[in-house]
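**Q** Have a look at the structure that comes next, please.
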Amino acid sequence: MKKLVVLLIIVGIMFVVFQNTSKGKMLTHQVKGVVTHVISKPSLINEEGDSIVTRVLLPEGYTRVTYPNGSFEEYLRNYELKPYGSKIINYDESEYFAQNWHDAILEVPVPKNGLQQCADALMRIRSEYLWNNNRKAEIGFNFTSGHYCSWKKYAEGYRPKIRGNKVSFHKTAATNHSKSNFYKYLNLIYTYAGTLSMYHELKKVPVSEIKIGDMLVKPGSPGHIEIIVDEIKNENGEKMYLLAQGNTPAQSVCLLKNFEEPETSPWYKFEAEKPVYTPSYYFDEAKFVRFK
């Protein structure tokens with residue numbers, strides 16, 4: 001009881017002091033989330049579920065939006081999860097300081113080189129989907145400079161020569177289409193692409209048209225990006241979504257709780273031109289982009 005009272009007092013103080021600043025809003029929101037976590041246990045979580053579709057239950061009156069078998073949408077919805085209660089682990093195998101933000105950890109390996117941060121993790125998930133579905137020729141991303149770097153050319157031995165914002169590609173390596181070389185390619189992408197390049201490269205999607213696979217983004221250096229991994233609707237056509245993220249430092253990809261709406265957490269609703277609070281980030285506007 002004492003713990004709960006202290007936390008409620010902290011929330012009140014943070015609200016008064018910080019409510020007029022963006023950082024304050026985020027801090028107040030995070031403390032509020034801790035209190036929510038202490039007070040209530042999520043009711044829409046099946047602890048035995050080993051995939052997103054089996055871990056997260058539906059609010060009353062909602063059904064899952066259907067997508068074709070083999071689609072990126074179904075790939076994400078059925079993504080394998082670690083056992084319930086698994087922690088967010090940083091690339092150096094240390095535990096992330098915040099362990100109350102998530103309801104699931106996705107089975108996305110975290111390289112020990114520290115490169116696979118928020119945007120990188122999502123590019124990896126997309127690239128692995130294309131690889132696994134024999135669509136390797138579609139794998140490619142723009143560097144922050146705007147230069148396109150494809151897996152196809154990398155596999156043929158082409159490597160970038162970078163001088164400031166000038167990039168040229170030259171054949172300096174042997175042809176190698178192996179999976180291990182594919183992950184070396186992704187390390188290159190992680191180094192020279194990110195949230196800002198994805199925002200400029202990818203199609204912008206209005207909130208009214210978003211679907212599984214679209215990404216909530218705040219462009220910048222640093223910015224942040226999160227991906228929709230499931231989608232439901234009710235008979236009135238109202239939709240809700242699940243969000244997953246990688247983060248900085250490079251760490252486990254996790255399914256995020258919704259501290260703003262604990263009754264339906266981890267499901268989110270979005271409105272055009274309205275801010276979005278997620279446990280680790282404040283988006284001042286709901287902006288979305290879509291992979292090619």
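Identifiers in the structure tokens: chain A, B, ... in order shown; residue index from 1 per chain; ligand index from 1 in order shown.
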Enumerate, as an NGL selection string, the complete set of residues in segment 54-90 of chain A that a backbone-based DSSP assignment places in helix (DSSP H, G or I).
**A** :A and (54-55 or 72-77)
**Q** Pick out the residues sitting within 10 Å of segment 90-98 of chain A, and hand them over as a list in words; count only C-alpha atoms, and ignore anything fewer than 2 positions along from it in its own chain.
**A**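 Neighbouring residues, sequence-local ones excluded: Gln30, Val34, Lys87, Ile88, Asn100, Trp101, His102, Pro109, Val110, Pro111, Lys112, Asn113, Gly114, Leu115, Gln116, Gln117, Asn247, Thr248, Pro249, Ala250, Gln251, Ser252, Pro279 and Ser280 of chain A.
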**Q** For segment 151-155 of chain A, list every protein, DNA or RNA residue within 9 Å, evaluated using only C-alpha atoms, and leave out those in the same chain fewer than 6 positions away; present the list as number ranges by chain.
**A** A: 136-141, 169, 171, 173-178, 181-182, 185-186
**Q** Compare A:Phe143, A:Leu255, A:Gly223, A:Asn46 by their minimum atom-to-atom distance to Gln99 of chain A, counting only C-alpha atoms, and give me the closest one.
**A**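 Checking each candidate against Gln99 of chain A, we get A:Leu255 as the closest.
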**Q** Of the candidates A:Pro266, A:Gly49, A:Gly237, A:Pro160, which one gets nearest to Tyr192 of chain A if we count only C-alpha atoms?
**A**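 Of all the options, A:Pro160 lies closest to Tyr192 of chain A.
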